[in-house]
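Visitor: Okay, so here is query25.cif, and as you'll see once you scroll down, it has mmCIF, C-alpha atoms and all ligand atoms.
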data_run
#
loop_
_atom_site.group_PDB
_atom_site.id
_atom_site.type_symbol
_atom_site.label_atom_id
_atom_site.label_comp_id
_atom_site.auth_asym_id
_atom_site.auth_seq_id
_atom_site.Cartn_x
_atom_site.Cartn_y
_atom_site.Cartn_z
ATOM 1 C CA MET A 1 0.000 0.000 0.000
ATOM 2 C CA SER A 2 1.658 3.271 -0.976
ATOM 3 C CA LYS A 3 1.847 5.974 1.683
ATOM 4 C CA ASN A 4 -0.331 8.749 0.296
ATOM 5 C CA ASN A 5 -2.587 6.670 -1.807
ATOM 6 C CA TYR A 6 -5.879 5.964 -0.094
ATOM 7 C CA ASP A 7 -9.473 5.636 -1.240
ATOM 8 C CA GLU A 8 -11.190 6.798 1.930
ATOM 9 C CA LYS A 9 -10.435 8.733 5.099
ATOM 10 C CA CYS A 10 -11.966 8.080 8.470
ATOM 11 C CA ARG A 11 -11.587 10.024 11.704
ATOM 12 C CA LEU A 12 -12.323 8.212 14.970
ATOM 13 C CA LEU A 13 -12.296 9.501 18.534
ATOM 14 C CA ILE A 14 -11.859 7.474 21.726
ATOM 15 C CA ILE A 15 -13.172 8.658 25.092
ATOM 16 C CA GLY A 16 -13.616 7.102 28.519
ATOM 17 C CA ASP A 17 -12.253 7.295 32.065
ATOM 18 C CA SER A 18 -8.558 7.662 32.633
ATOM 19 C CA PHE A 19 -6.486 4.420 32.873
ATOM 20 C CA VAL A 20 -8.987 2.200 31.017
ATOM 21 C CA GLY A 21 -6.448 1.627 28.222
ATOM 22 C CA LYS A 22 -7.402 4.107 25.489
ATOM 23 C CA THR A 23 -3.840 5.070 24.526
ATOM 24 C CA SER A 24 -2.654 1.459 24.754
ATOM 25 C CA PHE A 25 -5.532 0.344 22.524
ATOM 26 C CA LEU A 26 -4.770 2.930 19.820
ATOM 27 C CA SER A 27 -1.061 2.226 20.050
ATOM 28 C CA ARG A 28 -1.688 -1.509 19.700
ATOM 29 C CA TYR A 29 -3.684 -0.950 16.534
ATOM 30 C CA ALA A 30 -1.593 1.799 14.948
ATOM 31 C CA ARG A 31 1.890 0.623 15.929
ATOM 32 C CA GLY A 32 1.399 -2.983 16.964
ATOM 33 C CA THR A 33 3.001 -2.288 20.339
ATOM 34 C CA PHE A 34 1.945 -2.375 23.986
ATOM 35 C CA ASN A 35 3.652 -0.488 26.794
ATOM 36 C CA LEU A 36 3.033 -1.423 30.406
ATOM 37 C CA THR A 37 3.926 2.013 31.719
ATOM 38 C CA TYR A 38 1.154 4.581 32.007
ATOM 39 C CA LEU A 39 1.297 6.835 28.967
ATOM 40 C CA ALA A 40 0.063 10.103 30.481
ATOM 41 C CA THR A 41 -0.250 12.844 27.899
ATOM 42 C CA ALA A 42 -2.164 16.100 27.846
ATOM 43 C CA GLY A 43 -4.700 17.257 25.275
ATOM 44 C CA PHE A 44 -5.793 15.540 22.104
ATOM 45 C CA GLU A 45 -3.278 13.509 20.149
ATOM 46 C CA PHE A 46 -3.741 11.312 17.175
ATOM 47 C CA PHE A 47 -2.350 8.174 15.615
ATOM 48 C CA THR A 48 -2.738 7.385 11.947
ATOM 49 C CA LYS A 49 -2.772 4.108 10.135
ATOM 50 C CA GLU A 50 -3.568 3.050 6.615
ATOM 51 C CA ASP A 51 -5.439 -0.200 6.500
ATOM 52 C CA GLU A 52 -7.198 -2.272 3.885
ATOM 53 C CA ILE A 53 -10.884 -2.629 4.585
ATOM 54 C CA ASP A 54 -13.188 -4.374 2.109
ATOM 55 C CA ASN A 55 -10.634 -3.894 -0.698
ATOM 56 C CA LYS A 56 -10.277 -0.197 -0.026
ATOM 57 C CA ASN A 57 -7.213 1.605 1.323
ATOM 58 C CA VAL A 58 -8.458 3.628 4.258
ATOM 59 C CA ARG A 59 -6.464 6.279 6.084
ATOM 60 C CA ILE A 60 -7.653 6.086 9.676
ATOM 61 C CA GLU A 61 -7.053 8.944 12.081
ATOM 62 C CA LEU A 62 -7.423 7.879 15.711
ATOM 63 C CA TRP A 63 -7.909 10.749 18.149
ATOM 64 C CA ASP A 64 -6.931 10.096 21.741
ATOM 65 C CA SER A 65 -8.523 12.224 24.428
ATOM 66 C CA SER A 66 -5.906 12.243 27.183
ATOM 67 C CA GLY A 67 -6.457 15.223 29.449
ATOM 68 C CA TYR A 68 -10.212 15.251 28.758
ATOM 69 C CA GLU A 69 -10.983 12.202 30.810
ATOM 70 C CA LYS A 70 -13.794 13.653 32.874
ATOM 71 C CA PHE A 71 -17.040 13.521 30.943
ATOM 72 C CA HIS A 72 -17.929 17.050 32.133
ATOM 73 C CA SER A 73 -14.720 18.415 30.588
ATOM 74 C CA LEU A 74 -15.960 17.627 27.082
ATOM 75 C CA THR A 75 -17.251 20.427 24.887
ATOM 76 C CA ALA A 76 -18.772 20.596 21.428
ATOM 77 C CA SER A 77 -15.329 21.197 19.933
ATOM 78 C CA SER A 78 -14.069 17.914 21.458
ATOM 79 C CA PHE A 79 -16.187 16.143 18.857
ATOM 80 C CA SER A 80 -15.454 18.368 15.893
ATOM 81 C CA ASN A 81 -14.987 16.304 12.766
ATOM 82 C CA ALA A 82 -15.248 12.951 14.572
ATOM 83 C CA GLU A 83 -16.912 10.472 12.238
ATOM 84 C CA GLY A 84 -17.056 7.588 14.708
ATOM 85 C CA ILE A 85 -16.733 7.458 18.497
ATOM 86 C CA MET A 86 -15.461 4.707 20.812
ATOM 87 C CA VAL A 87 -16.399 4.843 24.490
ATOM 88 C CA MET A 88 -14.041 2.637 26.488
ATOM 89 C CA PHE A 89 -14.224 1.180 29.992
ATOM 90 C CA ASP A 90 -12.068 -1.299 31.895
ATOM 91 C CA VAL A 91 -13.737 -4.661 32.671
ATOM 92 C CA THR A 92 -11.817 -4.774 35.976
ATOM 93 C CA ASN A 93 -13.092 -1.336 37.034
ATOM 94 C CA PRO A 94 -16.864 -1.112 37.721
ATOM 95 C CA THR A 95 -16.764 2.681 38.146
ATOM 96 C CA SER A 96 -15.413 3.111 34.615
ATOM 97 C CA PHE A 97 -18.294 0.890 33.441
ATOM 98 C CA GLU A 98 -20.916 2.919 35.332
ATOM 99 C CA ASN A 99 -19.480 6.068 33.759
ATOM 100 C CA VAL A 100 -20.241 4.799 30.243
ATOM 101 C CA ARG A 101 -23.732 6.264 30.614
ATOM 102 C CA ASN A 102 -22.262 9.677 31.505
ATOM 103 C CA TRP A 103 -19.933 9.550 28.521
ATOM 104 C CA THR A 104 -22.746 8.731 26.106
ATOM 105 C CA GLU A 105 -24.922 11.458 27.658
ATOM 106 C CA SER A 106 -22.051 13.857 27.121
ATOM 107 C CA ILE A 107 -21.900 12.902 23.444
ATOM 108 C CA LYS A 108 -25.642 13.528 23.148
ATOM 109 C CA THR A 109 -25.263 16.945 24.750
ATOM 110 C CA HIS A 110 -22.356 18.158 22.668
ATOM 111 C CA LEU A 111 -22.574 16.480 19.294
ATOM 112 C CA SER A 112 -24.176 19.088 17.063
ATOM 113 C CA SER A 113 -24.940 16.628 14.249
ATOM 114 C CA GLY A 114 -26.879 14.395 16.700
ATOM 115 C CA ILE A 115 -25.860 11.035 18.112
ATOM 116 C CA ASN A 116 -27.916 9.127 15.528
ATOM 117 C CA ASN A 117 -25.830 10.551 12.710
ATOM 118 C CA ILE A 118 -22.566 9.126 13.927
ATOM 119 C CA PRO A 119 -21.646 5.538 14.802
ATOM 120 C CA VAL A 120 -20.832 5.128 18.497
ATOM 121 C CA ILE A 121 -19.592 1.862 20.010
ATOM 122 C CA ILE A 122 -18.739 0.773 23.559
ATOM 123 C CA ILE A 123 -15.548 -1.186 24.277
ATOM 124 C CA GLY A 124 -14.766 -3.204 27.418
ATOM 125 C CA ASN A 125 -10.950 -3.422 27.557
ATOM 126 C CA LYS A 126 -8.420 -5.509 29.580
ATOM 127 C CA ILE A 127 -10.180 -8.849 29.034
ATOM 128 C CA ASP A 128 -6.824 -10.616 29.471
ATOM 129 C CA ILE A 129 -7.122 -10.015 33.233
ATOM 130 C CA VAL A 130 -8.797 -13.021 34.829
ATOM 131 C CA GLU A 131 -10.199 -11.205 37.873
ATOM 132 C CA ARG A 132 -12.692 -9.136 35.943
ATOM 133 C CA GLU A 133 -15.543 -7.306 37.666
ATOM 134 C CA VAL A 134 -17.851 -6.620 34.731
ATOM 135 C CA LYS A 135 -19.252 -9.722 33.042
ATOM 136 C CA THR A 136 -19.725 -9.914 29.272
ATOM 137 C CA GLU A 137 -23.479 -10.584 29.476
ATOM 138 C CA GLU A 138 -24.058 -7.716 31.885
ATOM 139 C CA ALA A 139 -22.110 -5.289 29.678
ATOM 140 C CA LYS A 140 -23.827 -6.499 26.515
ATOM 141 C CA LYS A 141 -27.275 -5.973 28.000
ATOM 142 C CA TYR A 142 -26.386 -2.596 29.429
ATOM 143 C CA CYS A 143 -25.016 -1.330 26.090
ATOM 144 C CA ASN A 144 -27.921 -2.825 24.188
ATOM 145 C CA ASP A 145 -30.350 -0.967 26.479
ATOM 146 C CA LEU A 146 -28.439 2.242 25.804
ATOM 147 C CA GLY A 147 -28.637 1.484 22.063
ATOM 148 C CA PHE A 148 -24.964 0.858 21.269
ATOM 149 C CA LYS A 149 -22.970 -2.105 19.977
ATOM 150 C CA TYR A 150 -20.607 -3.702 22.482
ATOM 151 C CA TYR A 151 -17.086 -5.057 21.863
ATOM 152 C CA GLU A 152 -14.444 -6.541 24.182
ATOM 153 C CA THR A 153 -10.707 -6.187 23.687
ATOM 154 C CA SER A 154 -7.285 -6.559 25.214
ATOM 155 C CA ALA A 155 -4.753 -3.935 24.220
ATOM 156 C CA LYS A 156 -2.175 -6.103 25.970
ATOM 157 C CA THR A 157 -2.622 -9.277 23.903
ATOM 158 C CA GLY A 158 -4.183 -7.512 20.904
ATOM 159 C CA GLU A 159 -7.304 -9.686 21.118
ATOM 160 C CA ASN A 160 -10.121 -8.248 19.001
ATOM 161 C CA VAL A 161 -8.424 -4.835 18.663
ATOM 162 C CA ASN A 162 -8.186 -4.793 14.847
ATOM 163 C CA ASP A 163 -11.637 -6.289 14.340
ATOM 164 C CA THR A 164 -13.244 -3.719 16.638
ATOM 165 C CA ILE A 165 -11.708 -0.740 14.860
ATOM 166 C CA LYS A 166 -12.443 -2.218 11.446
ATOM 167 C CA SER A 167 -16.118 -2.764 12.358
ATOM 168 C CA LEU A 168 -16.439 0.865 13.350
ATOM 169 C CA VAL A 169 -14.659 2.056 10.195
ATOM 170 C CA ARG A 170 -17.089 -0.033 8.122
ATOM 171 C CA GLU A 171 -20.058 1.637 9.866
ATOM 172 C CA VAL A 172 -18.561 5.066 9.230
ATOM 173 C CA LEU A 173 -17.928 4.345 5.553
ATOM 174 C CA LYS A 174 -21.463 2.984 5.124
ATOM 175 C CA LYS A 175 -22.885 6.236 6.536
ATOM 176 C CA LYS A 176 -20.617 8.291 4.288
ATOM 177 C CA ILE A 177 -21.639 6.392 1.173
ATOM 178 C CA ARG A 178 -25.329 6.817 2.072
ATOM 179 C CA LYS A 179 -24.785 10.546 2.647
ATOM 180 C CA ASN A 180 -22.889 10.953 -0.642
ATOM 181 C CA LYS A 181 -25.631 9.111 -2.521
ATOM 182 C CA LYS A 182 -28.218 11.482 -1.079
ATOM 183 C CA GLU A 183 -26.117 14.456 -2.206
ATOM 184 C CA VAL A 184 -25.807 13.003 -5.721
ATOM 185 C CA ASN A 185 -29.581 12.504 -5.881
ATOM 186 C CA VAL A 186 -30.162 16.108 -4.877
ATOM 187 C CA MET A 187 -27.836 17.237 -7.682
ATOM 188 C CA GLU A 188 -29.531 15.006 -10.238
ATOM 189 C CA ILE A 189 -33.077 16.304 -9.799
ATOM 190 C CA PRO A 190 -33.183 19.997 -10.651
ATOM 191 C CA LYS A 191 -36.063 22.025 -9.262
ATOM 192 C CA PRO A 192 -38.369 23.247 -12.071
ATOM 193 C CA GLN A 193 -37.913 26.912 -11.159
ATOM 194 C CA ASP A 194 -34.134 26.501 -11.476
ATOM 195 C CA SER A 195 -34.322 25.142 -15.049
ATOM 196 C CA LYS A 196 -34.347 27.283 -18.173
ATOM 197 C CA LYS A 197 -35.175 25.840 -21.561
ATOM 198 C CA GLU A 198 -33.173 27.470 -24.356
ATOM 199 C CA GLY A 199 -33.527 25.816 -27.754
ATOM 200 C CA ASN A 200 -32.446 22.189 -27.325
ATOM 201 C CA CYS A 201 -30.440 22.970 -24.281
ATOM 202 C CA CYS A 202 -31.660 22.649 -20.690
ATOM 203 C CA CYS A 203 -29.732 24.892 -18.348
ATOM 204 C CA ILE A 204 -29.751 24.312 -14.609
ATOM 205 C CA ILE A 205 -29.014 27.348 -12.498
ATOM 206 C CA LEU A 206 -27.292 26.262 -9.267
HETATM 207 P P1 LIG B 301 -5.651 5.585 29.236
HETATM 208 O O1 LIG B 301 -5.450 6.495 30.400
HETATM 209 O O2 LIG B 301 -7.094 5.227 29.092
HETATM 210 O O3 LIG B 301 -5.047 6.085 27.976
HETATM 211 O O4 LIG B 301 -4.923 4.202 29.621
HETATM 212 P P2 LIG B 301 -3.466 3.671 29.204
HETATM 213 O O5 LIG B 301 -3.455 3.194 27.802
HETATM 214 O O6 LIG B 301 -2.446 4.653 29.586
HETATM 215 O O7 LIG B 301 -3.384 2.366 30.140
HETATM 216 C C1 LIG B 301 -3.477 2.445 31.536
HETATM 217 C C2 LIG B 301 -2.780 1.242 32.149
HETATM 218 O O8 LIG B 301 -3.488 0.059 31.832
HETATM 219 C C3 LIG B 301 -1.344 1.047 31.645
HETATM 220 O O9 LIG B 301 -0.555 0.591 32.711
HETATM 221 C C4 LIG B 301 -1.500 -0.021 30.587
HETATM 222 O O10 LIG B 301 -0.326 -0.768 30.443
HETATM 223 C C5 LIG B 301 -2.650 -0.869 31.158
HETATM 224 N N1 LIG B 301 -3.449 -1.525 30.119
HETATM 225 C C6 LIG B 301 -4.013 -0.952 29.041
HETATM 226 N N2 LIG B 301 -4.697 -1.840 28.321
HETATM 227 C C7 LIG B 301 -4.569 -3.017 28.927
HETATM 228 C C8 LIG B 301 -5.036 -4.344 28.661
HETATM 229 O O11 LIG B 301 -5.740 -4.639 27.679
HETATM 230 N N3 LIG B 301 -4.686 -5.321 29.571
HETATM 231 C C9 LIG B 301 -3.923 -5.060 30.665
HETATM 232 N N4 LIG B 301 -3.641 -6.083 31.475
HETATM 233 N N5 LIG B 301 -3.466 -3.838 30.945
HETATM 234 C C10 LIG B 301 -3.770 -2.823 30.095
HETATM 235 MG MG MG B 302 -4.034 7.932 27.631
#
I need this file expressed as structure tokens, please.

Guide:
Amino acid sequence: MSKNNYDEKCRLLIIGDSFVGKTSFLSRYARGTFNLTYLATAGFEFFTKEDEIDNKNVRIELWDSSGYEKFHSLTASSFSNAEGIMVMFDVTNPTSFENVRNWTESIKTHLSSGINNIPVIIIGNKIDIVEREVKTEEAKKYCNDLGFKYYETSAKTGENVNDTIKSLVREVLKKKIRKNKKEVNVMEIPKPQDSKKEGNCCCIIL
């Protein structure tokens, strides 16, 4: 895959409590590495990766929200240009799980385009740890009730990391294609008052 040659672009944002593994998860996907030390950083940072998804080269931008890890610190600009959002919690930390509702409420409050216009998924991370506190079935039901798809991952072992991101990218691309089709349809049907008939030529005034 050549470096600047991609068919689609996709910008994803990850949010969730501090220490749940957001940076490790993005680093695992984008760089294939895992670091056991806490990667504290301030502000928004992003990783990029080009990946092949359904025979398309996709340039994926992954925005990490270190420094904005309290749901009340989010603002409308935190979500600017995000095309897909991941809300992460740690399956060994019940408080981070309970906060998922606050994070999704925060998205609803600040996302100007509306939460239904953007794919949002919930991720339970650190499933490699045996002593987990949040069970899969419980999390699945909870997320289903909130209206979001649920995925489980381990940034440490890499389990399900690629598949989770790829599923979200697919959702984003599907939405984009639908939106583009709508725009094409609007262009194809001129309004009668915008059309002028001159000889054999039909002129559409845009
Ligand atoms: P963030 O604050 O949400 O960005 O979390 P970090 O990515 O900095 O991770 C916090 C801590 O959890 C670090 O010590 C990581 O090494 C550890 N960690 C992250 N993901 C996993 C995981 O999947 N399994 C395990 N066992 N530890 C993890
Ligand atoms: Mg971080």

Visitor: Could you tell me, as a list of chain:residue names, exactly which residues end up selected when the PyMOL selection byres (((chain A and resi 86) around 6) and not hetatm) is applied to this structure?

Guide: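 Applying the PyMOL selection byres (((chain A and resi 86) around 6) and not hetatm) to the structure shown produces A:Ile14, A:Ile85, A:Val87, A:Val120, A:Ile121, A:Ile122.
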
Visitor: Looking at A:Ile53, A:Met88, A:Ile177, A:Cys143, which one is nearest to ligand LIG 301 (chain B), with distances taken over only C-alpha atoms and all ligand atoms?

Guide: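 Of A:Ile53, A:Met88, A:Ile177, A:Cys143, the one nearest ligand LIG 301 (chain B) is A:Met88, counting only C-alpha atoms and all ligand atoms.
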
Visitor: List as JSON, numbers by chain the protein and nucleic acid residues near A:Lys126, meaning an atom at most 8 Å away when only C-alpha atoms are counted, but skip any in the same chain fewer than 3 places from it.

Guide: {"A": [20, 21, 90, 91, 92, 129, 153, 154, 155, 156]}

Visitor: Determine, counting all atoms listed in the file, which protein, DNA and RNA residues have an atom within 12 Å of an atom of A:Phe25; residues of the same chain fewer than 4 positions away are not included. Present the result as a PDB file with C-alpha atoms, in the coordinates of the input.

Guide:
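To be explicit, this is the file written out as out23.pdb:
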ATOM      1  CA  ILE A  14     -11.859   7.474  21.726  1.00  0.00           C
ATOM      2  CA  ILE A  15     -13.172   8.658  25.092  1.00  0.00           C
ATOM      3  CA  PHE A  19      -6.486   4.420  32.873  1.00  0.00           C
ATOM      4  CA  VAL A  20      -8.987   2.200  31.017  1.00  0.00           C
ATOM      5  CA  GLY A  21      -6.448   1.627  28.222  1.00  0.00           C
ATOM      6  CA  TYR A  29      -3.684  -0.950  16.534  1.00  0.00           C
ATOM      7  CA  ALA A  30      -1.593   1.799  14.948  1.00  0.00           C
ATOM      8  CA  ARG A  31       1.890   0.623  15.929  1.00  0.00           C
ATOM      9  CA  GLY A  32       1.399  -2.983  16.964  1.00  0.00           C
ATOM     10  CA  THR A  33       3.001  -2.288  20.339  1.00  0.00           C
ATOM     11  CA  PHE A  34       1.945  -2.375  23.986  1.00  0.00           C
ATOM     12  CA  ASN A  35       3.652  -0.488  26.794  1.00  0.00           C
ATOM     13  CA  LEU A  36       3.033  -1.423  30.406  1.00  0.00           C
ATOM     14  CA  LEU A  39       1.297   6.835  28.967  1.00  0.00           C
ATOM     15  CA  PHE A  47      -2.350   8.174  15.615  1.00  0.00           C
ATOM     16  CA  LEU A  62      -7.423   7.879  15.711  1.00  0.00           C
ATOM     17  CA  TRP A  63      -7.909  10.749  18.149  1.00  0.00           C
ATOM     18  CA  ASP A  64      -6.931  10.096  21.741  1.00  0.00           C
ATOM     19  CA  MET A  86     -15.461   4.707  20.812  1.00  0.00           C
ATOM     20  CA  VAL A  87     -16.399   4.843  24.490  1.00  0.00           C
ATOM     21  CA  MET A  88     -14.041   2.637  26.488  1.00  0.00           C
ATOM     22  CA  PHE A  89     -14.224   1.180  29.992  1.00  0.00           C
ATOM     23  CA  ASP A  90     -12.068  -1.299  31.895  1.00  0.00           C
ATOM     24  CA  ILE A 123     -15.548  -1.186  24.277  1.00  0.00           C
ATOM     25  CA  GLY A 124     -14.766  -3.204  27.418  1.00  0.00           C
ATOM     26  CA  ASN A 125     -10.950  -3.422  27.557  1.00  0.00           C
ATOM     27  CA  LYS A 126      -8.420  -5.509  29.580  1.00  0.00           C
ATOM     28  CA  GLU A 152     -14.444  -6.541  24.182  1.00  0.00           C
ATOM     29  CA  THR A 153     -10.707  -6.187  23.687  1.00  0.00           C
ATOM     30  CA  SER A 154      -7.285  -6.559  25.214  1.00  0.00           C
ATOM     31  CA  ALA A 155      -4.753  -3.935  24.220  1.00  0.00           C
ATOM     32  CA  LYS A 156      -2.175  -6.103  25.970  1.00  0.00           C
ATOM     33  CA  THR A 157      -2.622  -9.277  23.903  1.00  0.00           C
ATOM     34  CA  GLY A 158      -4.183  -7.512  20.904  1.00  0.00           C
ATOM     35  CA  GLU A 159      -7.304  -9.686  21.118  1.00  0.00           C
ATOM     36  CA  ASN A 160     -10.121  -8.248  19.001  1.00  0.00           C
ATOM     37  CA  VAL A 161      -8.424  -4.835  18.663  1.00  0.00           C
ATOM     38  CA  ASN A 162      -8.186  -4.793  14.847  1.00  0.00           C
ATOM     39  CA  THR A 164     -13.244  -3.719  16.638  1.00  0.00           C
ATOM     40  CA  ILE A 165     -11.708  -0.740  14.860  1.00  0.00           C
TER      41      ILE A 165
END

Visitor: When you draw a straight line from atom CA of A:Asn116 to atom CA of A:Trp103, how long is it in Å?

Guide: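 Distance between the two atoms: 15.3 Å.
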
Visitor: Please measure the separation of atom CA of A:Lys9 and atom CA of A:Lys108, giving the value in Å to one decimal.

Guide: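 Atom CA of A:Lys9 sits 24.1 Å away from atom CA of A:Lys108.
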
Visitor: Quick one, how far is atom CA of A:Gly84 from atom CA of A:Cys10?

Guide: 8.1 Å

Visitor: I need the output of the PyMOL selection byres (((chain A and resi 57) around 8) and not hetatm) for this file as an MDAnalysis selection string; which residues are they?

Guide: chainID A and resid 1 5:8 50:53 55:56 58:59

Visitor: Evaluate the PyMOL selection byres (((chain A and resi 105) around 12) and not hetatm) here and jot the selected residues down as number ranges by chain.

Guide: A: 71-72, 74, 87, 99-104, 106-111, 114-115, 120, 146

Visitor: As a list in words, please: the residues near A:Glu137 (cut-off 12 Å, only C-alpha atoms, same-chain neighbours under 2 positions excluded).

Guide: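 Contacts, with the query itself left out: Val91, Gly124, Glu133, Val134, Lys135, Ala139, Lys140, Lys141, Tyr142, Cys143, Asn144, Tyr150, Tyr151 and Glu152 of chain A.
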
Visitor: Counting all atoms listed in the file, figure out which residue out of A:Arg11, A:Lys166, A:Lys149, A:Lys181 gets nearest to A:Ser80.

Guide: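 Using all atoms listed in the file, A:Ser80 sits closest to A:Arg11.
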
Visitor: Have a look at A:Ser78, A:Thr23, A:Ser73, A:Ser65 and name the one nearest to ligand LIG 301 (chain B); count all atoms listed in the file.

Guide: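 Checking each of A:Ser78, A:Thr23, A:Ser73, A:Ser65 against ligand LIG 301 (chain B), counting all atoms listed in the file, the winner is A:Thr23.
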
Visitor: Put a box with edges along x, y and z around all the listed atoms of ligand LIG 301 (chain B), pad it by 5 Å on each side, then give me its centre and sizes in Å, one decimal, as AutoDock Vina command-line options.

Guide:
--center_x -3.7 --center_y 0.2 --center_z 30.2 --size_x 16.8 --size_y 22.6 --size_z 15.0

Visitor: Given the choices A:Ser27, A:Ile118, A:Gly16, A:Asp145, which gets closest to A:Leu173 if the distance is worked out from only C-alpha atoms?

Guide: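 That would be A:Ile118, the residue with the smallest distance to A:Leu173.
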
Visitor: Counting all atoms listed in the file, which residue out of A:Ser18, A:Ser113, A:Ser24, A:Thr136 sits closest to A:Asn81?

Guide: A:Ser113

Visitor: Could you pull stretch 67-114 of chain A out of the block above and save it with C-alpha atoms, as a PDB file, in the first residue's frame?

Guide:
ATOM      1  CA  GLY A  67      -6.457  15.223  29.449  1.00  0.00           C
ATOM      2  CA  TYR A  68     -10.212  15.251  28.758  1.00  0.00           C
ATOM      3  CA  GLU A  69     -10.983  12.202  30.810  1.00  0.00           C
ATOM      4  CA  LYS A  70     -13.794  13.653  32.874  1.00  0.00           C
ATOM      5  CA  PHE A  71     -17.040  13.521  30.943  1.00  0.00           C
ATOM      6  CA  HIS A  72     -17.929  17.050  32.133  1.00  0.00           C
ATOM      7  CA  SER A  73     -14.720  18.415  30.588  1.00  0.00           C
ATOM      8  CA  LEU A  74     -15.960  17.627  27.082  1.00  0.00           C
ATOM      9  CA  THR A  75     -17.251  20.427  24.887  1.00  0.00           C
ATOM     10  CA  ALA A  76     -18.772  20.596  21.428  1.00  0.00           C
ATOM     11  CA  SER A  77     -15.329  21.197  19.933  1.00  0.00           C
ATOM     12  CA  SER A  78     -14.069  17.914  21.458  1.00  0.00           C
ATOM     13  CA  PHE A  79     -16.187  16.143  18.857  1.00  0.00           C
ATOM     14  CA  SER A  80     -15.454  18.368  15.893  1.00  0.00           C
ATOM     15  CA  ASN A  81     -14.987  16.304  12.766  1.00  0.00           C
ATOM     16  CA  ALA A  82     -15.248  12.951  14.572  1.00  0.00           C
ATOM     17  CA  GLU A  83     -16.912  10.472  12.238  1.00  0.00           C
ATOM     18  CA  GLY A  84     -17.056   7.588  14.708  1.00  0.00           C
ATOM     19  CA  ILE A  85     -16.733   7.458  18.497  1.00  0.00           C
ATOM     20  CA  MET A  86     -15.461   4.707  20.812  1.00  0.00           C
ATOM     21  CA  VAL A  87     -16.399   4.843  24.490  1.00  0.00           C
ATOM     22  CA  MET A  88     -14.041   2.637  26.488  1.00  0.00           C
ATOM     23  CA  PHE A  89     -14.224   1.180  29.992  1.00  0.00           C
ATOM     24  CA  ASP A  90     -12.068  -1.299  31.895  1.00  0.00           C
ATOM     25  CA  VAL A  91     -13.737  -4.661  32.671  1.00  0.00           C
ATOM     26  CA  THR A  92     -11.817  -4.774  35.976  1.00  0.00           C
ATOM     27  CA  ASN A  93     -13.092  -1.336  37.034  1.00  0.00           C
ATOM     28  CA  PRO A  94     -16.864  -1.112  37.721  1.00  0.00           C
ATOM     29  CA  THR A  95     -16.764   2.681  38.146  1.00  0.00           C
ATOM     30  CA  SER A  96     -15.413   3.111  34.615  1.00  0.00           C
ATOM     31  CA  PHE A  97     -18.294   0.890  33.441  1.00  0.00           C
ATOM     32  CA  GLU A  98     -20.916   2.919  35.332  1.00  0.00           C
ATOM     33  CA  ASN A  99     -19.480   6.068  33.759  1.00  0.00           C
ATOM     34  CA  VAL A 100     -20.241   4.799  30.243  1.00  0.00           C
ATOM     35  CA  ARG A 101     -23.732   6.264  30.614  1.00  0.00           C
ATOM     36  CA  ASN A 102     -22.262   9.677  31.505  1.00  0.00           C
ATOM     37  CA  TRP A 103     -19.933   9.550  28.521  1.00  0.00           C
ATOM     38  CA  THR A 104     -22.746   8.731  26.106  1.00  0.00           C
ATOM     39  CA  GLU A 105     -24.922  11.458  27.658  1.00  0.00           C
ATOM     40  CA  SER A 106     -22.051  13.857  27.121  1.00  0.00           C
ATOM     41  CA  ILE A 107     -21.900  12.902  23.444  1.00  0.00           C
ATOM     42  CA  LYS A 108     -25.642  13.528  23.148  1.00  0.00           C
ATOM     43  CA  THR A 109     -25.263  16.945  24.750  1.00  0.00           C
ATOM     44  CA  HIS A 110     -22.356  18.158  22.668  1.00  0.00           C
ATOM     45  CA  LEU A 111     -22.574  16.480  19.294  1.00  0.00           C
ATOM     46  CA  SER A 112     -24.176  19.088  17.063  1.00  0.00           C
ATOM     47  CA  SER A 113     -24.940  16.628  14.249  1.00  0.00           C
ATOM     48  CA  GLY A 114     -26.879  14.395  16.700  1.00  0.00           C
TER      49      GLY A 114
END
